[in-house]
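A.B. asks: For reference, this is work_33.cif, and it has mmCIF, C-alpha atoms.
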data_upload
#
loop_
_atom_site.label_atom_id
_atom_site.label_comp_id
_atom_site.auth_asym_id
_atom_site.auth_seq_id
_atom_site.Cartn_x
_atom_site.Cartn_y
_atom_site.Cartn_z
CA MET A 1 122.66 55.96 142.25
CA SER A 2 123.14 58.51 144.97
CA GLY A 3 126.05 60.31 146.52
CA ASN A 4 128.98 61.96 144.85
CA GLY A 5 131.68 59.43 145.58
CA THR A 6 133.95 61.94 147.26
CA THR A 7 134.69 62.82 150.85
CA ALA A 8 134.44 66.51 151.63
CA GLY A 9 137.26 67.51 153.97
CA ASP A 10 138.50 63.90 154.10
CA ASP A 11 135.97 63.02 156.80
CA PRO A 12 137.18 59.66 158.17
CA LEU A 13 133.65 58.32 158.62
CA GLN A 14 132.56 59.22 155.11
CA THR A 15 135.81 57.86 153.69
CA ALA A 16 135.16 54.53 155.39
CA VAL A 17 131.55 54.48 154.22
CA TRP A 18 132.60 55.20 150.65
CA ARG A 19 135.24 52.48 150.60
CA LEU A 20 132.75 49.89 151.82
CA ARG A 21 130.00 51.05 149.49
CA SER A 22 132.25 51.02 146.44
CA ARG A 23 133.15 47.38 147.20
CA ALA A 24 129.51 46.26 147.48
CA CYS A 25 129.55 46.18 151.31
CA TRP A 26 126.44 48.31 151.73
CA SER A 27 125.28 46.76 155.01
CA ASP A 28 128.68 47.26 156.62
CA ALA A 29 128.73 50.85 155.42
CA ALA A 30 125.23 51.48 156.78
CA GLU A 31 126.21 50.13 160.19
CA LEU A 32 128.80 52.89 160.53
CA LEU A 33 126.20 55.63 160.24
CA PRO A 34 123.99 57.03 163.02
CA SER A 35 120.33 56.16 162.65
CA ALA A 36 119.03 58.75 165.13
CA THR A 37 119.65 61.82 162.96
CA ALA A 38 117.86 62.73 159.75
CA ALA A 39 121.11 62.98 157.77
CA GLY A 40 122.41 59.64 159.04
CA ALA A 41 119.08 57.88 158.51
CA LEU A 42 118.80 59.22 154.95
CA GLN A 43 122.33 58.11 154.08
CA ARG A 44 121.72 54.66 155.58
CA THR A 45 118.55 54.39 153.51
CA ALA A 46 120.35 55.39 150.32
CA LEU A 47 122.97 52.69 150.89
CA LEU A 48 120.41 49.95 151.55
CA VAL A 49 118.24 50.96 148.60
CA GLU A 50 121.31 50.85 146.36
CA ARG A 51 122.03 47.35 147.69
CA CYS A 52 118.54 46.29 146.57
CA LEU A 53 119.19 47.57 143.06
CA TYR A 54 122.55 45.84 142.76
CA THR A 55 121.79 42.55 144.54
CA GLU A 56 118.00 42.10 144.18
CA ALA A 57 117.95 41.38 147.93
CA GLY A 58 117.65 43.18 151.25
CA TRP A 59 114.23 44.71 150.59
CA PRO A 60 112.90 44.53 154.21
CA ASP A 61 116.03 46.24 155.58
CA ALA A 62 115.69 49.04 153.04
CA GLU A 63 111.99 49.49 153.87
CA ASP A 64 112.75 49.66 157.60
CA ALA A 65 115.53 52.19 157.08
CA LEU A 66 113.29 54.26 154.83
CA ARG A 67 110.49 54.40 157.38
CA GLY A 68 113.01 55.54 159.99
CA ALA A 69 114.31 58.27 157.69
CA GLU A 70 110.78 59.44 156.92
CA ALA A 71 109.99 59.69 160.62
CA LEU A 72 113.07 61.83 161.27
CA ALA A 73 112.65 64.13 158.27
CA HIS A 74 111.43 67.59 159.33
CA THR A 75 112.62 70.09 156.70
CA ASP A 76 111.44 70.18 153.09
CA GLU A 77 114.91 69.09 151.97
CA GLU A 78 114.84 66.08 154.30
CA ARG A 79 111.28 65.12 153.38
CA GLY A 80 112.11 65.56 149.70
CA ALA A 81 115.19 63.36 150.00
CA ALA A 82 113.20 60.67 151.80
CA ALA A 83 110.49 60.78 149.13
CA CYS A 84 113.19 60.47 146.47
CA GLU A 85 114.52 57.32 148.16
CA ARG A 86 110.99 55.89 148.43
CA GLY A 87 110.50 56.44 144.74
CA TYR A 88 113.83 54.81 143.95
CA LEU A 89 113.09 51.77 146.10
CA ALA A 90 109.68 51.36 144.45
CA TYR A 91 111.35 51.70 141.05
CA ALA A 92 113.94 49.04 141.91
CA ALA A 93 111.24 46.62 143.11
CA THR A 94 109.31 47.14 139.88
CA LEU A 95 112.41 46.85 137.67
CA HIS A 96 113.46 43.56 139.27
CA GLY A 97 109.96 42.10 139.22
CA VAL A 98 109.59 41.90 142.99
CA ARG A 99 106.29 43.76 142.87
CA ASP A 100 104.74 46.32 140.55
CA ARG A 101 105.21 49.58 142.42
CA ALA A 102 105.43 51.88 139.41
CA ASP A 103 102.57 54.11 140.57
CA GLU A 104 104.16 54.44 144.00
CA ALA A 105 107.50 55.33 142.40
CA ARG A 106 105.97 58.07 140.27
CA ALA A 107 103.95 59.47 143.18
CA ALA A 108 106.93 59.53 145.53
CA LEU A 109 109.17 61.28 143.02
CA GLY A 110 106.35 63.73 142.37
CA ARG A 111 106.27 64.53 146.09
CA ALA A 112 110.02 64.98 146.06
CA ALA A 113 109.72 67.41 143.14
CA ALA A 114 107.19 69.47 145.10
CA LEU A 115 109.48 69.61 148.15
CA LEU A 116 112.88 70.18 146.54
CA PRO A 117 113.28 73.65 144.98
CA PRO A 118 114.85 73.93 141.51
CA GLY A 119 118.22 75.03 142.93
CA SER A 120 118.45 72.25 145.50
CA PRO A 121 121.53 69.99 145.31
CA GLY A 122 119.17 67.01 145.56
CA ARG A 123 117.28 68.02 142.45
CA ALA A 124 119.81 66.49 140.05
CA LEU A 125 119.45 63.06 141.65
CA LEU A 126 115.67 63.42 141.49
CA ASP A 127 115.81 64.31 137.81
CA PHE A 128 118.02 61.29 137.14
CA ARG A 129 115.60 58.93 138.86
CA ARG A 130 112.66 60.41 136.97
CA GLY A 131 114.67 59.65 133.84
CA LEU A 132 115.05 56.02 134.93
CA ILE A 133 111.29 55.68 135.28
CA ALA A 134 110.72 57.30 131.89
CA GLU A 135 113.27 55.03 130.21
CA ASN A 136 112.61 51.69 131.88
CA LEU A 137 108.99 51.80 133.04
CA THR A 138 107.21 54.30 130.80
CA ARG A 139 109.43 53.50 127.80
CA SER A 140 109.65 57.14 126.76
CA ALA A 141 113.14 57.80 125.43
CA GLN A 142 112.37 61.47 124.79
CA SER A 143 111.27 62.14 128.37
CA ALA A 144 114.18 60.11 129.72
CA ARG A 145 116.70 62.08 127.68
CA ALA A 146 115.30 65.41 128.88
CA ALA A 147 115.44 64.26 132.51
CA TYR A 148 118.98 62.88 132.16
CA ARG A 149 120.14 66.15 130.61
CA ARG A 150 118.70 68.13 133.51
CA ALA A 151 120.39 65.74 135.92
CA HIS A 152 123.66 66.05 133.98
CA ALA A 153 123.53 69.84 134.23
CA GLY A 154 122.72 69.66 137.94
CA ALA A 155 125.50 67.18 138.66
CA THR A 156 127.90 69.57 136.93
CA ALA A 157 126.62 72.67 138.74
CA HIS A 158 126.65 70.97 142.16
CA PRO A 159 129.70 68.75 141.60
CA ASP A 160 128.56 65.15 141.92
CA PRO A 161 130.94 63.00 139.88
CA LEU A 162 129.26 59.67 140.63
CA LEU A 163 125.91 60.99 139.45
CA LEU A 164 127.65 62.51 136.43
CA SER A 165 129.00 59.06 135.55
CA ALA A 166 125.43 57.75 135.64
CA THR A 167 124.02 60.49 133.42
CA TRP A 168 126.84 59.98 130.90
CA ARG A 169 126.06 56.26 130.90
CA HIS A 170 122.32 56.54 130.41
CA LEU A 171 122.52 59.25 127.77
CA ALA A 172 125.02 57.02 125.98
CA GLY A 173 122.63 54.08 126.24
CA LEU A 174 119.88 56.09 124.54
CA ALA A 175 122.32 57.21 121.85
CA LEU A 176 123.37 53.62 121.19
CA ARG A 177 119.76 52.52 120.70
CA GLU A 178 119.39 55.26 118.12
CA GLY A 179 122.50 54.15 116.25
CA GLU A 180 124.69 57.08 117.34
CA LEU A 181 127.75 54.94 117.91
CA ALA A 182 130.36 57.70 118.32
CA GLU A 183 128.20 59.58 120.84
CA ALA A 184 127.51 56.38 122.75
CA ARG A 185 131.19 55.41 122.85
CA HIS A 186 132.14 58.85 124.18
CA GLY A 187 129.48 58.78 126.90
CA PHE A 188 130.31 55.25 128.04
CA ALA A 189 134.04 56.09 128.06
CA GLU A 190 133.41 59.18 130.23
CA SER A 191 131.28 57.14 132.63
CA LEU A 192 133.97 54.48 132.95
CA ARG A 193 136.71 57.08 133.42
CA ILE A 194 134.88 58.75 136.30
CA ARG A 195 134.08 55.47 138.04
CA GLU A 196 137.67 54.29 137.78
CA GLU A 197 138.93 57.63 139.12
CA LEU A 198 136.52 57.42 142.06
CA GLY A 199 137.36 53.79 142.75
CA TYR A 200 133.69 52.83 142.43
CA LEU A 201 134.39 49.15 141.84
CA VAL A 202 130.79 47.92 142.01
CA GLY A 203 129.84 50.24 139.17
CA THR A 204 132.92 49.67 137.05
CA ALA A 205 132.00 46.26 135.61
CA PRO A 206 128.69 47.51 134.12
CA ALA A 207 130.54 50.51 132.67
CA LEU A 208 133.09 48.19 131.05
CA VAL A 209 130.36 46.04 129.50
CA SER A 210 128.55 49.07 128.13
CA LEU A 211 131.70 50.46 126.54
CA ALA A 212 132.42 47.04 125.05
CA ASP A 213 129.12 47.27 123.16
CA THR A 214 130.56 50.16 121.15
CA GLU A 215 134.06 48.81 120.51
CA PRO A 216 135.34 46.46 117.78
CA GLU A 217 137.22 43.27 118.52
CA PRO A 218 139.58 42.49 120.17
CA GLU A 219 138.98 45.52 122.44
CA ALA A 220 135.36 44.50 123.12
CA SER A 221 136.42 41.09 124.41
CA ARG A 222 139.16 42.61 126.54
CA LEU A 223 136.68 44.95 128.20
CA ARG A 224 134.21 42.13 128.87
CA GLU A 225 136.95 39.94 130.33
CA GLU A 226 137.91 42.74 132.72
CA ALA A 227 134.25 43.19 133.66
CA ALA A 228 133.93 39.46 134.34
CA ARG A 229 137.00 39.57 136.58
CA LEU A 230 135.52 42.39 138.65
CA PHE A 231 132.14 40.66 138.73
CA ARG A 232 133.72 37.53 140.23
CA LEU A 233 135.85 39.61 142.62
CA LEU A 234 132.70 41.21 144.06
CA GLY A 235 130.89 37.90 144.46
CA GLY A 236 128.54 38.17 141.50
CA VAL A 237 127.41 41.77 142.00
CA PRO A 238 125.60 43.44 140.35
CA THR A 239 123.41 40.37 139.91
CA TRP A 240 121.75 41.68 136.76
CA LEU A 241 125.10 41.82 134.97
CA ALA A 242 125.47 38.02 134.87
CA GLY A 243 123.49 37.68 131.67
CA ARG A 244 125.38 40.55 130.06
CA LEU A 245 128.87 39.15 130.29
CA ALA A 246 128.50 36.79 127.37
CA PRO A 247 126.41 38.37 124.59
CA PRO A 248 126.84 42.04 123.71
CA GLY A 249 124.03 44.58 124.21
CA ALA A 250 123.26 47.94 125.76
CA ALA A 251 123.46 47.64 129.55
CA THR A 252 121.98 50.73 131.19
CA ALA A 253 120.64 49.50 134.52
#
As structure tokens, how would this structure be written, given the file I've shared?

C.D. replies:
Amino acid sequence: MSGNGTTAGDDPLQTAVWRLRSRACWSDAAELLPSATAAGALQRTALLVERCLYTEAGWPDAEDALRGAEALAHTDEERGAAACERGYLAYAATLHGVRDRADEARAALGRAAALLPPGSPGRALLDFRRGLIAENLTRSAQSARAAYRRAHAGATAHPDPLLLSATWRHLAGLALREGELAEARHGFAESLRIREELGYLVGTAPALVSLADTEPEPEASRLREEAARLFRLLGGVPTWLAGRLAPPGAATA
């Protein structure tokens, strides 16, 4: 997850990119962005890497975009952001079983940490992605929680509502596994609220399913039915949600 889901100054280009991205049209959104500047190349890369995570497809396009962004990165911030995207792409490939790139993911995020100073706006996203690796690859809930909390604080300090929705969601997922039902319900509800307010449709169905895991019937079924409707509307995206729409469980992808 990257980007804050808002359009500073109502920039028409960024508004168009956001609308396409939120409706799972990552390739169309990427085509609107310039590929000859570091900022444009990095944003294109982020979109195509996110497509990989949500669709389990498009890996060569994401790799090509990433190499282009790395070539154009000249400042520490730009190089750090590119390294963060490389780590996220390697994480996604490992998570989806495309290829084990866990070592590459850790190394790339380590490089990003060395390049991005503690006060950098990009640090919160980096902390979140390090939490994903700790939770889903290393299987260390304690390390994941610490990273998510740092990301949560950063997303609050440098307002990034979309990232904040992700930290709420993943902290809630950890709470649910530990049997903290009220804490989990609150976190999942906050995540869903933010995504609905932003109009982030592609991320709303997973948020609905997660909240359903903490609710009694008939509310749980109502939430899952709404998630299934959105899932069909977006053409079966995110792909990994298909198996979650029938049996309950803690979805934190």

A.B. asks: Write out as a list in words the residues lying within 7 Å of stretch 49-59 of chain A, counting all atoms listed in the file and excluding same-chain residues fewer than 2 positions away.

C.D. replies: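 These residues fall inside the cut-off: Met1, Trp26, Thr45, Ala46, Leu47, Asp61, Ala62, Glu63, Leu89, Ala92, His96, Val237, Pro238 and Thr239 of chain A.
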
A.B. asks: Output C-alpha atoms for every residue in the selection just made, as a compact mmCIF listing (two decimals), in the frame of the given file.

C.D. replies:
# COMPACT_ATOMS: atom_id res chain seq x y z
CA MET A 1 122.66 55.96 142.25
CA TRP A 26 126.44 48.31 151.73
CA THR A 45 118.55 54.39 153.51
CA ALA A 46 120.35 55.39 150.32
CA LEU A 47 122.97 52.69 150.89
CA ASP A 61 116.03 46.24 155.58
CA ALA A 62 115.69 49.04 153.04
CA GLU A 63 111.99 49.49 153.87
CA LEU A 89 113.09 51.77 146.10
CA ALA A 92 113.94 49.04 141.91
CA HIS A 96 113.46 43.56 139.27
CA VAL A 237 127.41 41.77 142.00
CA PRO A 238 125.60 43.44 140.35
CA THR A 239 123.41 40.37 139.91

A.B. asks: Hey, what comes out of the PyMOL selection byres ((chain A and resi 109) around 12) on this file? Could you write it as a ChimeraX atom specification?

C.D. replies: /A:79-91,102-108,110-116,122-123,125-134

A.B. asks: Tell me which protein, DNA and RNA residues are within 7 Å of stretch 217-228 of chain A, counting all atoms listed in the file, leaving out same-chain ones fewer than 4 positions away, and put them as a list in words.

C.D. replies: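 Surrounding residues, per the criterion: Ala205, Leu208, Val209, Ala212, Asp213, Arg232 and Leu245 of chain A.
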
A.B. asks: Quick one, how far is atom CA of A:Thr156 from atom CA of A:Pro34?

C.D. replies: 29.2 Å

A.B. asks: Once the PyMOL selection byres ((chain A and resi 162-166) around 6) is applied to the coordinates I shared, what remains selected? I want it as a VMD selection string.

C.D. replies: chain A and resid 4 to 5 152 155 160 to 161 167 to 169 191 194

A.B. asks: Neighbouring residues of A:Gly68 were defined as those with any atom within 9 Å, considering all atoms listed in the file; residues of the same chain fewer than 6 positions away were excluded. Please report them as a list in words.

C.D. replies: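 That gives Ser35, Ala36, Ala38, Ala41, Leu42 and Thr45 of chain A.
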
A.B. asks: Determine the nearest neighbour of A:Ala151 from the options A:His170, A:Arg101, A:Arg139, A:Arg244, counting all atoms listed in the file.

C.D. replies: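 Nearest to A:Ala151: A:His170.
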
A.B. asks: Have a look at atom CA of A:Pro12 and atom CA of A:Leu33 and let me know their distance in Å, one decimal.

C.D. replies: 11.9 Å

A.B. asks: Enter the distance from atom CA of A:Glu77 to atom CA of A:Arg99, in Å, rounded to one decimal.

C.D. replies: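 Here the two named atoms are 28.3 Å from each other.
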
A.B. asks: Which residue is closest to A:Ala24? Choose from A:His158, A:Leu48, A:Leu181, A:Thr138 and count only C-alpha atoms.

C.D. replies: A:Leu48

A.B. asks: Hey, which of A:Val17, A:Gly187, A:Ser27, A:Ala242 ends up closest to A:Pro206? Count only C-alpha atoms.

C.D. replies: A:Ala242

A.B. asks: Expanded to explicit residues, what is the PyMOL selection byres ((chain A and resi 188) around 7) for this file, as JSON, numbers by chain?

C.D. replies: {"A": [168, 169, 172, 184, 185, 186, 187, 189, 190, 191, 192, 207, 210, 211]}

A.B. asks: What box, with edges along x, y and z, holds each listed atom of stretch 232-242 of chain A when 4 Å is added on every side, and can you state its centre and edge lengths in Å to one decimal, as AutoDock Vina command-line options?

C.D. replies:
--center_x 128.8 --center_y 40.5 --center_z 139.7 --size_x 22.1 --size_y 13.9 --size_z 17.6

A.B. asks: Starting from the incomplete input, reconstruct all heavy atoms of stretch 15-26 of chain A and write that as a short mmCIF file (atom, residue, chain, number, x, y, z; two decimals), in the coordinates of the input.

C.D. replies:
data_model
loop_
_atom_site.label_atom_id
_atom_site.label_comp_id
_atom_site.auth_asym_id
_atom_site.auth_seq_id
_atom_site.Cartn_x
_atom_site.Cartn_y
_atom_site.Cartn_z
N THR A 15 134.82 58.61 154.47
CA THR A 15 135.81 57.86 153.69
C THR A 15 135.61 56.36 153.88
O THR A 15 135.64 55.59 152.91
CB THR A 15 137.24 58.26 154.11
OG1 THR A 15 137.44 59.65 153.82
CG2 THR A 15 138.27 57.43 153.36
N ALA A 16 135.39 55.95 155.11
CA ALA A 16 135.16 54.53 155.39
C ALA A 16 133.87 54.04 154.74
O ALA A 16 133.83 52.94 154.17
CB ALA A 16 135.12 54.30 156.90
N VAL A 17 132.82 54.85 154.83
CA VAL A 17 131.55 54.48 154.22
C VAL A 17 131.71 54.33 152.72
O VAL A 17 131.23 53.36 152.11
CB VAL A 17 130.47 55.55 154.55
CG1 VAL A 17 129.23 55.34 153.69
CG2 VAL A 17 130.10 55.49 156.02
N TRP A 18 132.41 55.27 152.10
CA TRP A 18 132.60 55.20 150.65
C TRP A 18 133.37 53.95 150.23
O TRP A 18 133.02 53.28 149.26
CB TRP A 18 133.33 56.46 150.15
CG TRP A 18 133.76 56.32 148.73
CD1 TRP A 18 135.03 56.15 148.27
CD2 TRP A 18 132.92 56.28 147.57
NE1 TRP A 18 135.03 56.02 146.91
CE2 TRP A 18 133.75 56.09 146.46
CE3 TRP A 18 131.54 56.38 147.39
CZ2 TRP A 18 133.25 56.01 145.15
CZ3 TRP A 18 131.03 56.30 146.09
CH2 TRP A 18 131.88 56.12 144.99
N ARG A 19 134.43 53.64 150.97
CA ARG A 19 135.24 52.48 150.60
C ARG A 19 134.42 51.19 150.68
O ARG A 19 134.54 50.32 149.81
CB ARG A 19 136.46 52.39 151.51
CG ARG A 19 137.53 53.42 151.18
CD ARG A 19 138.67 53.39 152.18
NE ARG A 19 139.72 54.33 151.81
CZ ARG A 19 140.71 54.70 152.61
NH1 ARG A 19 140.78 54.19 153.84
NH2 ARG A 19 141.62 55.56 152.21
N LEU A 20 133.59 51.07 151.69
CA LEU A 20 132.75 49.89 151.82
C LEU A 20 131.69 49.85 150.73
O LEU A 20 131.45 48.82 150.10
CB LEU A 20 132.11 49.85 153.21
CG LEU A 20 133.05 49.54 154.37
CD1 LEU A 20 132.38 49.86 155.70
CD2 LEU A 20 133.48 48.07 154.31
N ARG A 21 131.05 50.98 150.52
CA ARG A 21 130.00 51.05 149.49
C ARG A 21 130.55 50.69 148.12
O ARG A 21 129.92 49.93 147.37
CB ARG A 21 129.43 52.47 149.47
CG ARG A 21 128.43 52.71 148.34
CD ARG A 21 128.13 54.19 148.18
NE ARG A 21 127.19 54.43 147.12
CZ ARG A 21 126.86 55.64 146.68
NH1 ARG A 21 127.39 56.71 147.22
NH2 ARG A 21 126.00 55.78 145.68
N SER A 22 131.69 51.24 147.78
CA SER A 22 132.25 51.02 146.44
C SER A 22 132.64 49.56 146.21
O SER A 22 132.76 49.12 145.07
CB SER A 22 133.47 51.91 146.22
OG SER A 22 134.54 51.54 147.07
N ARG A 23 132.79 48.80 147.29
CA ARG A 23 133.15 47.38 147.20
C ARG A 23 131.96 46.46 147.48
O ARG A 23 132.12 45.30 147.79
CB ARG A 23 134.31 47.07 148.15
CG ARG A 23 135.63 47.68 147.69
CD ARG A 23 136.63 47.84 148.81
NE ARG A 23 137.91 48.35 148.32
CZ ARG A 23 138.14 49.61 147.98
NH1 ARG A 23 137.18 50.49 148.06
NH2 ARG A 23 139.33 49.99 147.54
N ALA A 24 130.77 47.02 147.36
CA ALA A 24 129.51 46.26 147.48
C ALA A 24 129.23 45.82 148.91
O ALA A 24 128.49 44.87 149.13
CB ALA A 24 129.50 45.06 146.54
N CYS A 25 129.80 46.51 149.90
CA CYS A 25 129.55 46.18 151.31
C CYS A 25 128.59 47.21 151.91
O CYS A 25 128.92 47.93 152.85
CB CYS A 25 130.86 46.16 152.09
SG CYS A 25 132.07 44.96 151.48
N TRP A 26 127.38 47.27 151.33
CA TRP A 26 126.44 48.31 151.73
C TRP A 26 125.99 48.17 153.18
O TRP A 26 125.86 49.16 153.89
CB TRP A 26 125.22 48.29 150.81
CG TRP A 26 125.53 48.65 149.40
CD1 TRP A 26 125.70 49.90 148.89
CD2 TRP A 26 125.71 47.74 148.32
NE1 TRP A 26 125.97 49.82 147.54
CE2 TRP A 26 125.99 48.51 147.16
CE3 TRP A 26 125.66 46.35 148.20
CZ2 TRP A 26 126.21 47.94 145.91
CZ3 TRP A 26 125.89 45.77 146.96
CH2 TRP A 26 126.16 46.57 145.83
#
